[in-house]
file run07.cif (mmCIF, C-alpha atoms)
data_data
#
loop_
_atom_site.group_PDB
_atom_site.id
_atom_site.type_symbol
_atom_site.label_atom_id
_atom_site.label_comp_id
_atom_site.auth_asym_id
_atom_site.auth_seq_id
_atom_site.Cartn_x
_atom_site.Cartn_y
_atom_site.Cartn_z
ATOM 1 C CA MET A 200 14.629 41.724 56.870
ATOM 2 C CA GLU A 201 17.721 43.888 56.575
ATOM 3 C CA GLN A 202 19.213 45.004 59.844
ATOM 4 C CA THR A 203 21.047 48.255 60.402
ATOM 5 C CA THR A 204 23.736 48.868 62.988
ATOM 6 C CA LYS A 205 23.753 52.191 64.780
ATOM 7 C CA MET A 206 26.889 53.747 66.178
ATOM 8 C CA LYS A 207 26.945 53.175 69.928
ATOM 9 C CA ALA A 208 27.195 56.270 72.083
ATOM 10 C CA LYS A 209 30.583 56.813 73.680
ATOM 11 C CA LYS A 210 31.246 56.674 77.379
ATOM 12 C CA ILE A 211 32.082 60.108 78.771
ATOM 13 C CA SER A 212 35.493 58.850 79.885
ATOM 14 C CA GLU A 213 36.180 58.026 76.218
ATOM 15 C CA VAL A 214 35.006 61.460 75.093
ATOM 16 C CA LEU A 215 37.362 63.092 77.599
ATOM 17 C CA ALA A 216 40.246 60.908 76.454
ATOM 18 C CA GLU A 217 39.735 62.057 72.855
ATOM 19 C CA LYS A 218 39.241 65.778 73.419
ATOM 20 C CA LYS A 219 41.215 68.240 75.518
ATOM 21 C CA PHE A 220 38.252 70.436 76.483
ATOM 22 C CA THR A 221 34.585 69.467 76.273
ATOM 23 C CA ILE A 222 31.330 71.421 76.310
ATOM 24 C CA SER A 223 28.196 69.733 77.618
ATOM 25 C CA VAL A 224 24.731 70.801 78.735
ATOM 26 C CA GLU A 225 22.295 69.608 81.396
ATOM 27 C CA LEU A 226 18.628 69.408 80.378
ATOM 28 C CA VAL A 227 15.612 69.157 82.679
ATOM 29 C CA PRO A 228 12.445 67.147 81.850
ATOM 30 C CA PRO A 229 9.255 69.222 81.953
ATOM 31 C CA ARG A 230 6.845 69.056 84.828
ATOM 32 C CA ASN A 231 4.485 66.099 84.316
ATOM 33 C CA GLY A 232 1.614 67.114 82.052
ATOM 34 C CA ASN A 233 3.642 69.776 80.219
ATOM 35 C CA SER A 234 4.944 69.503 76.666
ATOM 36 C CA PRO A 235 8.530 68.261 76.135
ATOM 37 C CA LYS A 236 8.886 70.599 73.133
ATOM 38 C CA GLU A 237 11.270 72.882 75.022
ATOM 39 C CA VAL A 238 13.664 69.991 75.582
ATOM 40 C CA TYR A 239 13.339 68.767 71.990
ATOM 41 C CA ASP A 240 14.104 72.267 70.702
ATOM 42 C CA CYS A 241 17.260 72.301 72.810
ATOM 43 C CA LEU A 242 18.289 68.846 71.573
ATOM 44 C CA GLU A 243 17.741 69.823 67.946
ATOM 45 C CA PHE A 244 19.925 72.906 68.341
ATOM 46 C CA LEU A 245 22.629 71.119 70.340
ATOM 47 C CA SER A 246 22.959 68.198 67.922
ATOM 48 C CA GLY A 247 26.467 68.264 66.481
ATOM 49 C CA LYS A 248 27.494 71.306 68.534
ATOM 50 C CA ILE A 249 28.444 69.866 71.940
ATOM 51 C CA ASP A 250 30.122 66.766 73.309
ATOM 52 C CA PHE A 251 27.281 65.372 75.438
ATOM 53 C CA VAL A 252 24.052 66.158 77.263
ATOM 54 C CA SER A 253 22.736 64.973 80.589
ATOM 55 C CA VAL A 254 19.076 64.607 81.544
ATOM 56 C CA THR A 255 18.117 65.194 85.163
ATOM 57 C CA LYS A 256 16.134 62.894 87.438
ATOM 58 C CA GLY A 257 14.346 64.278 90.464
ATOM 59 C CA ALA A 258 13.987 62.309 93.658
ATOM 60 C CA GLY A 259 10.613 60.836 94.608
ATOM 61 C CA GLY A 260 7.775 63.327 94.501
ATOM 62 C CA SER A 261 9.469 65.624 91.985
ATOM 63 C CA LEU A 262 6.726 64.969 89.390
ATOM 64 C CA ARG A 263 9.182 65.136 86.508
ATOM 65 C CA GLY A 264 9.230 61.865 84.607
ATOM 66 C CA GLY A 265 10.907 61.487 81.233
ATOM 67 C CA THR A 266 14.572 60.984 82.060
ATOM 68 C CA LEU A 267 14.806 57.621 80.303
ATOM 69 C CA PRO A 268 12.947 58.495 77.066
ATOM 70 C CA LEU A 269 14.591 61.915 76.722
ATOM 71 C CA THR A 270 18.056 60.410 77.188
ATOM 72 C CA TYR A 271 17.222 57.765 74.589
ATOM 73 C CA VAL A 272 15.881 60.343 72.122
ATOM 74 C CA ALA A 273 18.995 62.480 72.616
ATOM 75 C CA GLN A 274 21.112 59.534 71.477
ATOM 76 C CA GLU A 275 18.945 57.882 68.853
ATOM 77 C CA LYS A 276 17.317 60.850 67.148
ATOM 78 C CA TYR A 277 19.792 63.649 67.719
ATOM 79 C CA GLY A 278 23.061 61.689 67.749
ATOM 80 C CA LEU A 279 24.282 63.065 71.057
ATOM 81 C CA ASN A 280 26.266 61.228 73.693
ATOM 82 C CA ALA A 281 23.853 61.254 76.610
ATOM 83 C CA VAL A 282 24.004 60.791 80.367
ATOM 84 C CA ALA A 283 20.995 59.664 82.401
ATOM 85 C CA HIS A 284 20.851 61.023 85.940
ATOM 86 C CA PHE A 285 20.067 58.137 88.288
ATOM 87 C CA VAL A 286 19.055 58.661 91.920
ATOM 88 C CA CYS A 287 18.875 56.023 94.627
ATOM 89 C CA ARG A 288 17.049 57.823 97.440
ATOM 90 C CA GLU A 289 13.662 56.211 96.779
ATOM 91 C CA ARG A 290 14.720 52.972 95.043
ATOM 92 C CA SER A 291 15.244 49.484 96.397
ATOM 93 C CA LYS A 292 18.167 47.381 95.152
ATOM 94 C CA PRO A 293 15.907 45.278 92.873
ATOM 95 C CA GLU A 294 14.326 48.445 91.444
ATOM 96 C CA ILE A 295 17.785 49.854 90.775
ATOM 97 C CA GLU A 296 18.831 46.685 88.934
ATOM 98 C CA ASN A 297 15.643 46.672 86.857
ATOM 99 C CA ASP A 298 15.938 50.362 85.952
ATOM 100 C CA LEU A 299 19.613 50.009 85.045
ATOM 101 C CA THR A 300 18.727 47.020 82.872
ATOM 102 C CA ASP A 301 16.236 49.246 81.034
ATOM 103 C CA LEU A 302 19.037 51.722 80.347
ATOM 104 C CA ASP A 303 21.333 48.929 79.192
ATOM 105 C CA TYR A 304 18.765 47.503 76.774
ATOM 106 C CA LEU A 305 18.352 50.953 75.212
ATOM 107 C CA GLY A 306 22.092 51.451 74.779
ATOM 108 C CA ILE A 307 22.305 54.245 77.353
ATOM 109 C CA ASN A 308 25.695 53.572 78.852
ATOM 110 C CA ASN A 309 26.439 56.766 80.795
ATOM 111 C CA VAL A 310 24.979 57.202 84.277
ATOM 112 C CA LEU A 311 25.352 60.094 86.706
ATOM 113 C CA ALA A 312 24.990 58.224 90.007
ATOM 114 C CA LEU A 313 23.373 60.430 92.641
ATOM 115 C CA ARG A 314 21.842 60.101 96.087
ATOM 116 C CA GLY A 315 19.037 62.464 95.097
ATOM 117 C CA ASP A 316 17.471 65.358 96.966
ATOM 118 C CA ALA A 317 14.522 65.016 99.280
ATOM 119 C CA PRO A 318 11.166 65.971 97.760
ATOM 120 C CA ALA A 319 10.114 69.550 98.439
ATOM 121 C CA GLY A 320 8.804 69.841 101.980
ATOM 122 C CA ALA A 321 10.245 66.523 103.162
ATOM 123 C CA LYS A 322 12.971 66.158 105.763
ATOM 124 C CA ASP A 323 16.379 65.307 104.332
ATOM 125 C CA GLU A 324 16.698 62.400 106.783
ATOM 126 C CA VAL A 325 13.699 60.581 105.296
ATOM 127 C CA TRP A 326 14.658 57.672 103.024
ATOM 128 C CA ASN A 327 12.404 55.303 101.120
ATOM 129 C CA GLY A 328 15.091 53.281 99.320
ATOM 130 C CA ASP A 329 17.836 50.877 100.321
ATOM 131 C CA TYR A 330 20.772 53.274 99.909
ATOM 132 C CA GLN A 331 21.475 56.393 101.919
ATOM 133 C CA TYR A 332 24.685 57.226 100.038
ATOM 134 C CA ALA A 333 25.541 57.511 96.359
ATOM 135 C CA TYR A 334 28.658 55.332 96.648
ATOM 136 C CA LEU A 335 26.409 52.318 97.331
ATOM 137 C CA LEU A 336 24.638 52.970 94.031
ATOM 138 C CA VAL A 337 28.021 53.289 92.318
ATOM 139 C CA ASP A 338 29.009 49.918 93.765
ATOM 140 C CA GLN A 339 25.869 48.221 92.434
ATOM 141 C CA ILE A 340 26.465 49.671 88.958
ATOM 142 C CA SER A 341 30.088 48.527 89.082
ATOM 143 C CA ARG A 342 29.023 45.012 90.019
ATOM 144 C CA MET A 343 26.662 44.888 87.046
ATOM 145 C CA ASN A 344 29.591 45.992 84.872
ATOM 146 C CA LYS A 345 31.360 42.882 86.164
ATOM 147 C CA GLY A 346 28.356 40.698 85.351
ATOM 148 C CA LEU A 347 27.230 40.349 88.964
ATOM 149 C CA TYR A 348 23.486 40.579 89.665
ATOM 150 C CA LEU A 349 21.133 40.208 92.602
ATOM 151 C CA PRO A 350 19.930 36.663 93.298
ATOM 152 C CA THR A 351 16.283 35.722 92.955
ATOM 153 C CA PRO A 352 14.492 35.183 96.287
ATOM 154 C CA THR A 353 14.799 31.392 96.078
ATOM 155 C CA MET A 354 18.550 31.368 95.397
ATOM 156 C CA LYS A 355 20.781 30.713 98.394
ATOM 157 C CA VAL A 356 23.666 32.821 97.098
ATOM 158 C CA LEU A 357 24.675 36.451 97.521
ATOM 159 C CA GLU A 358 24.850 37.151 93.787
ATOM 160 C CA ARG A 359 24.457 35.505 90.429
ATOM 161 C CA SER A 360 26.396 35.828 87.196
ATOM 162 C CA GLY A 361 25.094 37.377 83.992
ATOM 163 C CA LEU A 362 26.103 39.495 81.018
ATOM 164 C CA PRO A 363 28.335 42.430 81.997
ATOM 165 C CA THR A 364 26.947 45.901 81.400
ATOM 166 C CA ASN A 365 29.168 48.728 80.160
ATOM 167 C CA PHE A 366 28.108 51.768 82.142
ATOM 168 C CA GLY A 367 30.327 54.783 82.393
ATOM 169 C CA ILE A 368 29.920 55.949 85.986
ATOM 170 C CA ILE A 369 29.896 59.669 86.670
ATOM 171 C CA VAL A 370 29.474 61.167 90.132
ATOM 172 C CA ALA A 371 28.839 64.599 91.603
ATOM 173 C CA GLY A 372 31.498 66.697 93.297
ATOM 174 C CA HIS A 373 30.535 69.258 95.917
ATOM 175 C CA PRO A 374 33.016 72.144 96.301
ATOM 176 C CA GLU A 375 30.533 73.832 98.657
ATOM 177 C CA ASP A 376 30.772 71.048 101.253
ATOM 178 C CA PRO A 377 33.343 70.959 104.095
ATOM 179 C CA TRP A 378 36.510 69.564 102.541
ATOM 180 C CA GLU A 379 37.152 66.615 104.873
ATOM 181 C CA LEU A 380 33.569 65.401 104.466
ATOM 182 C CA GLU A 381 33.685 65.849 100.697
ATOM 183 C CA LYS A 382 36.994 63.977 100.488
ATOM 184 C CA GLU A 383 35.547 61.059 102.453
ATOM 185 C CA HIS A 384 32.466 60.882 100.227
ATOM 186 C CA LEU A 385 34.445 61.094 96.991
ATOM 187 C CA LEU A 386 36.931 58.435 98.044
ATOM 188 C CA CYS A 387 34.033 56.093 98.765
ATOM 189 C CA LYS A 388 32.599 56.749 95.295
ATOM 190 C CA ILE A 389 35.971 56.288 93.614
ATOM 191 C CA ASN A 390 36.710 53.060 95.466
ATOM 192 C CA ALA A 391 33.277 51.834 94.339
ATOM 193 C CA GLY A 392 34.057 52.519 90.669
ATOM 194 C CA ALA A 393 33.443 56.198 89.779
ATOM 195 C CA GLU A 394 35.230 57.349 86.613
ATOM 196 C CA VAL A 395 34.376 61.036 86.134
ATOM 197 C CA ILE A 396 33.350 63.892 88.458
ATOM 198 C CA ILE A 397 30.998 66.763 87.597
ATOM 199 C CA THR A 398 30.899 69.525 90.178
ATOM 200 C CA GLN A 399 27.841 71.175 91.635
ATOM 201 C CA MET A 400 27.282 74.702 90.266
ATOM 202 C CA ILE A 401 30.326 76.910 90.673
ATOM 203 C CA PHE A 402 30.440 80.650 90.117
ATOM 204 C CA SER A 403 34.143 81.466 89.976
ATOM 205 C CA PHE A 404 37.327 80.030 88.551
ATOM 206 C CA GLU A 405 38.941 80.194 91.995
ATOM 207 C CA GLU A 406 36.258 77.920 93.469
ATOM 208 C CA TYR A 407 37.034 75.224 90.890
ATOM 209 C CA LYS A 408 40.812 75.625 91.224
ATOM 210 C CA ASN A 409 40.780 75.371 95.007
ATOM 211 C CA TYR A 410 38.566 72.293 94.840
ATOM 212 C CA VAL A 411 40.715 70.488 92.277
ATOM 213 C CA ASP A 412 43.933 71.440 94.076
ATOM 214 C CA ASN A 413 42.502 69.815 97.203
ATOM 215 C CA LEU A 414 41.518 66.707 95.231
ATOM 216 C CA ARG A 415 44.972 66.346 93.706
ATOM 217 C CA SER A 416 46.628 66.827 97.105
ATOM 218 C CA ALA A 417 44.485 63.952 98.378
ATOM 219 C CA GLY A 418 45.571 61.713 95.490
ATOM 220 C CA ILE A 419 42.235 61.986 93.653
ATOM 221 C CA ASN A 420 43.058 62.249 89.968
ATOM 222 C CA LEU A 421 39.773 61.600 88.155
ATOM 223 C CA PRO A 422 38.708 64.101 85.468
ATOM 224 C CA VAL A 423 36.708 66.904 87.092
ATOM 225 C CA LEU A 424 34.247 68.721 84.847
ATOM 226 C CA ALA A 425 33.201 72.149 86.072
ATOM 227 C CA GLY A 426 29.464 72.553 86.542
ATOM 228 C CA VAL A 427 28.778 76.125 85.415
ATOM 229 C CA ARG A 428 25.483 77.955 85.907
ATOM 230 C CA PRO A 429 25.429 81.169 83.833
ATOM 231 C CA LEU A 430 23.678 83.895 85.833
ATOM 232 C CA VAL A 431 22.218 86.855 83.954
ATOM 233 C CA LYS A 432 19.907 88.303 86.638
ATOM 234 C CA LEU A 433 20.450 89.201 90.279
ATOM 235 C CA SER A 434 17.360 87.168 91.187
ATOM 236 C CA GLN A 435 19.115 84.046 89.849
ATOM 237 C CA ALA A 436 22.084 84.676 92.143
ATOM 238 C CA THR A 437 19.731 85.121 95.095
ATOM 239 C CA SER A 438 17.980 81.852 94.233
ATOM 240 C CA ALA A 439 21.297 79.979 93.966
ATOM 241 C CA GLU A 440 22.272 81.099 97.446
ATOM 242 C CA GLU A 441 18.901 80.718 99.149
ATOM 243 C CA PHE A 442 17.539 77.585 97.447
ATOM 244 C CA PHE A 443 20.721 75.644 96.607
ATOM 245 C CA LYS A 444 22.766 77.008 99.547
ATOM 246 C CA LEU A 445 25.648 77.889 97.228
ATOM 247 C CA LYS A 446 28.059 80.815 97.455
ATOM 248 C CA VAL A 447 27.917 83.149 94.449
ATOM 249 C CA ALA A 448 31.122 85.107 93.832
ATOM 250 C CA ASP A 449 30.994 88.708 95.095
ATOM 251 C CA GLU A 450 32.246 90.058 91.754
ATOM 252 C CA LEU A 451 29.376 88.390 89.917
ATOM 253 C CA LYS A 452 26.768 89.633 92.399
ATOM 254 C CA ARG A 453 28.121 93.178 92.247
ATOM 255 C CA GLY A 454 27.892 93.274 88.471
ATOM 256 C CA LEU A 455 24.370 91.842 88.402
ATOM 257 C CA LYS A 456 23.356 94.299 91.130
ATOM 258 C CA GLU A 457 24.767 97.232 89.153
ATOM 259 C CA PHE A 458 22.616 96.376 86.122
ATOM 260 C CA GLU A 459 19.611 95.052 88.049
ATOM 261 C CA THR A 460 17.209 97.460 86.311
ATOM 262 C CA GLU A 461 18.810 97.125 82.855
ATOM 263 C CA GLU A 462 17.997 93.644 81.568
ATOM 264 C CA LEU A 463 20.145 93.702 78.432
ATOM 265 C CA LYS A 464 23.218 95.020 80.246
ATOM 266 C CA SER A 465 22.709 92.529 83.070
ATOM 267 C CA ARG A 466 22.499 89.696 80.559
ATOM 268 C CA GLU A 467 25.609 90.842 78.709
ATOM 269 C CA PHE A 468 27.552 91.175 81.959
ATOM 270 C CA GLY A 469 26.524 87.679 83.103
ATOM 271 C CA LEU A 470 27.392 86.098 79.764
ATOM 272 C CA ASN A 471 30.787 87.818 79.578
ATOM 273 C CA TYR A 472 31.545 86.821 83.177
ATOM 274 C CA THR A 473 30.757 83.187 82.355
ATOM 275 C CA VAL A 474 32.813 83.228 79.147
ATOM 276 C CA GLU A 475 35.821 84.660 80.997
ATOM 277 C CA MET A 476 35.449 82.022 83.726
ATOM 278 C CA ILE A 477 35.369 79.278 81.087
ATOM 279 C CA ARG A 478 38.495 80.759 79.475
ATOM 280 C CA GLN A 479 40.282 80.606 82.837
ATOM 281 C CA LEU A 480 39.095 77.055 83.457
ATOM 282 C CA LYS A 481 40.367 75.950 80.076
ATOM 283 C CA GLY A 482 43.736 77.601 80.679
ATOM 284 C CA TYR A 483 44.067 75.883 84.056
ATOM 285 C CA GLY A 484 43.611 72.460 82.478
ATOM 286 C CA CYS A 485 39.978 71.788 83.347
ATOM 287 C CA PRO A 486 38.821 68.992 80.989
ATOM 288 C CA GLY A 487 35.456 70.605 80.263
ATOM 289 C CA VAL A 488 32.413 72.528 81.445
ATOM 290 C CA HIS A 489 28.923 71.183 82.035
ATOM 291 C CA LEU A 490 26.411 74.001 81.592
ATOM 292 C CA PHE A 491 23.339 74.255 83.814
ATOM 293 C CA THR A 492 20.994 76.368 81.688
ATOM 294 C CA LEU A 493 17.520 75.113 82.728
ATOM 295 C CA ASN A 494 16.531 74.543 79.092
ATOM 296 C CA ASP A 495 16.944 78.249 78.270
ATOM 297 C CA LEU A 496 17.585 77.893 74.545
ATOM 298 C CA ALA A 497 18.282 81.599 74.014
ATOM 299 C CA LEU A 498 20.877 81.481 76.788
ATOM 300 C CA ILE A 499 22.423 78.333 75.324
ATOM 301 C CA LYS A 500 22.690 79.945 71.887
ATOM 302 C CA ASP A 501 24.200 83.163 73.240
ATOM 303 C CA LEU A 502 26.695 81.340 75.424
ATOM 304 C CA LEU A 503 27.860 78.843 72.808
ATOM 305 C CA GLY A 504 28.219 81.731 70.369
ATOM 306 C CA LYS A 505 30.706 83.387 72.730
ATOM 307 C CA ILE A 506 32.750 80.372 73.868
#
call {"tool": "encode", "arguments": {"input": "run07.cif", "output": "structure tokens"}}
result
Amino acid sequence: MEQTTKMKAKKISEVLAEKKFTISVELVPPRNGNSPKEVYDCLEFLSGKIDFVSVTKGAGGSLRGGTLPLTYVAQEKYGLNAVAHFVCRERSKPEIENDLTDLDYLGINNVLALRGDAPAGAKDEVWNGDYQYAYLLVDQISRMNKGLYLPTPTMKVLERSGLPTNFGIIVAGHPEDPWELEKEHLLCKINAGAEVIITQMIFSFEEYKNYVDNLRSAGINLPVLAGVRPLVKLSQATSAEEFFKLKVADELKRGLKEFETEELKSREFGLNYTVEMIRQLKGYGCPGVHLFTLNDLALIKDLLGKI
């Protein structure tokens, strides 16, 4: 039987090394029981047009499966470099190793290593897994990259040797957090093996610049991709502040407020604001933007048509 060899997806660190400015998109699996067609439509359109996609993973209780198969389909069917979000809040160390092995077998070699949010209605302090912090997950992934695995219960050793994995390790950056706390968390992730940072949603160029200037002053020199959420309605800005506890730039809120009753003008203002912010980011030396569009294909098309 003739065998074919498929091109292996690139690690995001390799993509960034090859291209001065990248465009990528985050996709969200549908609620369990709903059709994945929306995601497939996005993947079909994005194929060949962007540098990579990421597929989100909710913490326990989110009722959104599909991260693994959608990431695989993005790579194998649509030819996209793909990143699987991977949360540790509800997983034990053996579960983490097994799930990472699944990714490795399928050739998914980019992981966004996250703590994960608490399920809706649960207290943030409640943990079901072995790790309370994302840097511990990063460390376990790094050890697998070195060929170091958990021992079986009968082995009287701390670890056993095996085939090294080749995961590119991406972590989240949080410009909204107090700087000293954020610096401590990021240094832990970097010391554990993080290679690339993607920020939480930002809504102004100045927010990104101030964050990166602080990172560089602290000796943190990893590539920092700007997580950009295009807002085209005032209600979206309100949600970002109330639900995600993020600060939306006053200029953006004023513009969306001005056109609150004129949907087309509000949309045009929001798109133009985002495009101008991306232009500023690119001029500053930002290595790329990661777009949070919530699978809004029309928004994706409009935005990519303007960038």
call {"tool": "closest_residue", "arguments": {"input": "run07.cif", "among": "A:Val395, A:Leu335, A:Val488, A:Leu498", "to": "Lys292 of chain A", "atoms": "only C-alpha atoms"}}
result
A:Leu335
call {"tool": "axis_aligned_box", "arguments": {"input": "run07.cif", "around": "segment 255-269 of chain A", "padding_each_side": "6 Å", "output": "lines of an AutoDock Vina configuration file"}}
result
center_x = 12.4
center_y = 61.6
center_z = 85.7
size_x = 23.4
size_y = 20.0
size_z = 29.9
call {"tool": "residues_around", "arguments": {"input": "run07.cif", "residues": "segment 306-314 of chain A", "least_positions_apart": "6", "cutoff": "10 Å", "atoms": "all atoms listed in the file", "output": "PyMOL selection string"}}
result
chain A and resi 207-212+253-256+258+267+270-271+274-275+280-289+299-300+330-338+340+364-371+388+393+395-397
call {"tool": "closest_residue", "arguments": {"input": "run07.cif", "among": "A:Lys500, A:Gly426, A:Leu490, A:Ala417", "to": "Val252 of chain A", "atoms": "all atoms listed in the file"}}
result
A:Leu490
call {"tool": "resolve_selection", "arguments": {"input": "run07.cif", "expression": "the PyMOL selection byres ((chain A and resi 450) around 12)", "output": "list in words"}}
result
Phe402, Ser403, Phe404, Glu405, Leu433, Ala436, Lys446, Val447, Ala448, Asp449, Leu451, Lys452, Arg453, Gly454, Leu455, Lys456, Glu457, Phe468, Gly469, Tyr472, Thr473 and Met476 of chain A
call {"tool": "closest_residue", "arguments": {"input": "run07.cif", "among": "A:Lys481, A:His489, A:Lys432, A:Lys218", "to": "Arg466 of chain A", "atoms": "all atoms listed in the file"}}
result
A:Lys432
call {"tool": "closest_residue", "arguments": {"input": "run07.cif", "among": "A:Glu217, A:Val238, A:Arg263, A:Ser223", "to": "Asp250 of chain A", "atoms": "all atoms listed in the file"}}
result
A:Ser223
call {"tool": "atom_distance", "arguments": {"input": "run07.cif", "atom1": "atom CA of Glu379 of chain A", "atom2": "atom CA of Lys444 of chain A"}}
result
18.5 Å
call {"tool": "atom_distance", "arguments": {"input": "run07.cif", "atom1": "atom CA of Asp501 of chain A", "atom2": "atom CA of Glu459 of chain A"}}
result
19.5 Å
call {"tool": "atom_distance", "arguments": {"input": "run07.cif", "atom1": "atom CA of Gly484 of chain A", "atom2": "atom CA of Val411 of chain A"}}
result
10.4 Å
call {"tool": "residues_around", "arguments": {"input": "run07.cif", "residues": "Lys382 of chain A", "least_positions_apart": "4", "cutoff": "8 Å", "atoms": "only C-alpha atoms", "output": "ChimeraX atom specification"}}
result
/A:378,386,414,417
call {"tool": "closest_residue", "arguments": {"input": "run07.cif", "among": "A:Asn420, A:Leu503, A:Thr398, A:Ala273", "to": "Ser246 of chain A", "atoms": "all atoms listed in the file"}}
result
A:Ala273
call {"tool": "closest_residue", "arguments": {"input": "run07.cif", "among": "A:Ser360, A:Asn233, A:Asn327, A:Gln435", "to": "Arg290 of chain A", "atoms": "all atoms listed in the file"}}
result
A:Asn327
call {"tool": "residues_around", "arguments": {"input": "run07.cif", "residues": "segment 347-353 of chain A", "least_positions_apart": "3", "cutoff": "12 Å", "atoms": "all atoms listed in the file", "output": "list in words"}}
result
Ser291, Lys292, Pro293, Glu294, Ile295, Glu296, Asn297, Leu299, Thr300, Asp338, Gln339, Ile340, Ser341, Arg342, Met343, Asn344, Val356, Leu357, Glu358, Arg359, Ser360, Gly361, Leu362, Pro363 and Thr364 of chain A
call {"tool": "write_last_selection", "arguments": {"input": "run07.cif", "atoms": "C-alpha atoms", "output": "compact mmCIF listing (two decimals), in the coordinates of the input"}}
result
# COMPACT_ATOMS: atom_id res chain seq x y z
CA SER A 291 15.24 49.48 96.40
CA LYS A 292 18.17 47.38 95.15
CA PRO A 293 15.91 45.28 92.87
CA GLU A 294 14.33 48.44 91.44
CA ILE A 295 17.78 49.85 90.78
CA GLU A 296 18.83 46.68 88.93
CA ASN A 297 15.64 46.67 86.86
CA LEU A 299 19.61 50.01 85.04
CA THR A 300 18.73 47.02 82.87
CA ASP A 338 29.01 49.92 93.76
CA GLN A 339 25.87 48.22 92.43
CA ILE A 340 26.46 49.67 88.96
CA SER A 341 30.09 48.53 89.08
CA ARG A 342 29.02 45.01 90.02
CA MET A 343 26.66 44.89 87.05
CA ASN A 344 29.59 45.99 84.87
CA VAL A 356 23.67 32.82 97.10
CA LEU A 357 24.68 36.45 97.52
CA GLU A 358 24.85 37.15 93.79
CA ARG A 359 24.46 35.51 90.43
CA SER A 360 26.40 35.83 87.20
CA GLY A 361 25.09 37.38 83.99
CA LEU A 362 26.10 39.49 81.02
CA PRO A 363 28.34 42.43 82.00
CA THR A 364 26.95 45.90 81.40
call {"tool": "build_atoms", "arguments": {"input": "run07.cif", "residues": "segment 340-352 of chain A", "atoms": "N, CA and C atoms", "output": "PDB file, in the frame of the given file"}}
result
ATOM      1  N   ILE A 340      26.223  49.520  90.403  1.00  0.00           N
ATOM      2  CA  ILE A 340      26.465  49.671  88.958  1.00  0.00           C
ATOM      3  C   ILE A 340      27.764  48.980  88.567  1.00  0.00           C
ATOM      4  N   SER A 341      28.793  49.164  89.370  1.00  0.00           N
ATOM      5  CA  SER A 341      30.088  48.527  89.082  1.00  0.00           C
ATOM      6  C   SER A 341      29.975  47.011  89.068  1.00  0.00           C
ATOM      7  N   ARG A 342      29.190  46.460  89.969  1.00  0.00           N
ATOM      8  CA  ARG A 342      29.023  45.012  90.019  1.00  0.00           C
ATOM      9  C   ARG A 342      28.301  44.516  88.768  1.00  0.00           C
ATOM     10  N   MET A 343      27.321  45.274  88.301  1.00  0.00           N
ATOM     11  CA  MET A 343      26.662  44.888  87.046  1.00  0.00           C
ATOM     12  C   MET A 343      27.650  44.953  85.884  1.00  0.00           C
ATOM     13  N   ASN A 344      28.559  45.922  85.905  1.00  0.00           N
ATOM     14  CA  ASN A 344      29.591  45.992  84.872  1.00  0.00           C
ATOM     15  C   ASN A 344      30.499  44.764  84.897  1.00  0.00           C
ATOM     16  N   LYS A 345      30.569  44.111  86.033  1.00  0.00           N
ATOM     17  CA  LYS A 345      31.360  42.882  86.164  1.00  0.00           C
ATOM     18  C   LYS A 345      30.512  41.634  85.927  1.00  0.00           C
ATOM     19  N   GLY A 346      29.237  41.833  85.586  1.00  0.00           N
ATOM     20  CA  GLY A 346      28.356  40.698  85.351  1.00  0.00           C
ATOM     21  C   GLY A 346      27.804  40.082  86.616  1.00  0.00           C
ATOM     22  N   LEU A 347      27.718  40.859  87.683  1.00  0.00           N
ATOM     23  CA  LEU A 347      27.230  40.349  88.964  1.00  0.00           C
ATOM     24  C   LEU A 347      25.876  40.978  89.274  1.00  0.00           C
ATOM     25  N   TYR A 348      24.861  40.137  89.485  1.00  0.00           N
ATOM     26  CA  TYR A 348      23.486  40.579  89.665  1.00  0.00           C
ATOM     27  C   TYR A 348      22.924  40.075  90.978  1.00  0.00           C
ATOM     28  N   LEU A 349      21.808  40.657  91.390  1.00  0.00           N
ATOM     29  CA  LEU A 349      21.133  40.208  92.602  1.00  0.00           C
ATOM     30  C   LEU A 349      20.563  38.804  92.397  1.00  0.00           C
ATOM     31  N   PRO A 350      20.550  37.992  93.433  1.00  0.00           N
ATOM     32  CA  PRO A 350      19.930  36.663  93.298  1.00  0.00           C
ATOM     33  C   PRO A 350      18.410  36.776  93.348  1.00  0.00           C
ATOM     34  N   THR A 351      17.733  35.796  92.781  1.00  0.00           N
ATOM     35  CA  THR A 351      16.283  35.722  92.955  1.00  0.00           C
ATOM     36  C   THR A 351      15.990  35.263  94.385  1.00  0.00           C
ATOM     37  N   PRO A 352      14.782  35.500  94.879  1.00  0.00           N
ATOM     38  CA  PRO A 352      14.492  35.183  96.287  1.00  0.00           C
ATOM     39  C   PRO A 352      14.745  33.734  96.678  1.00  0.00           C
TER      40      PRO A 352
END
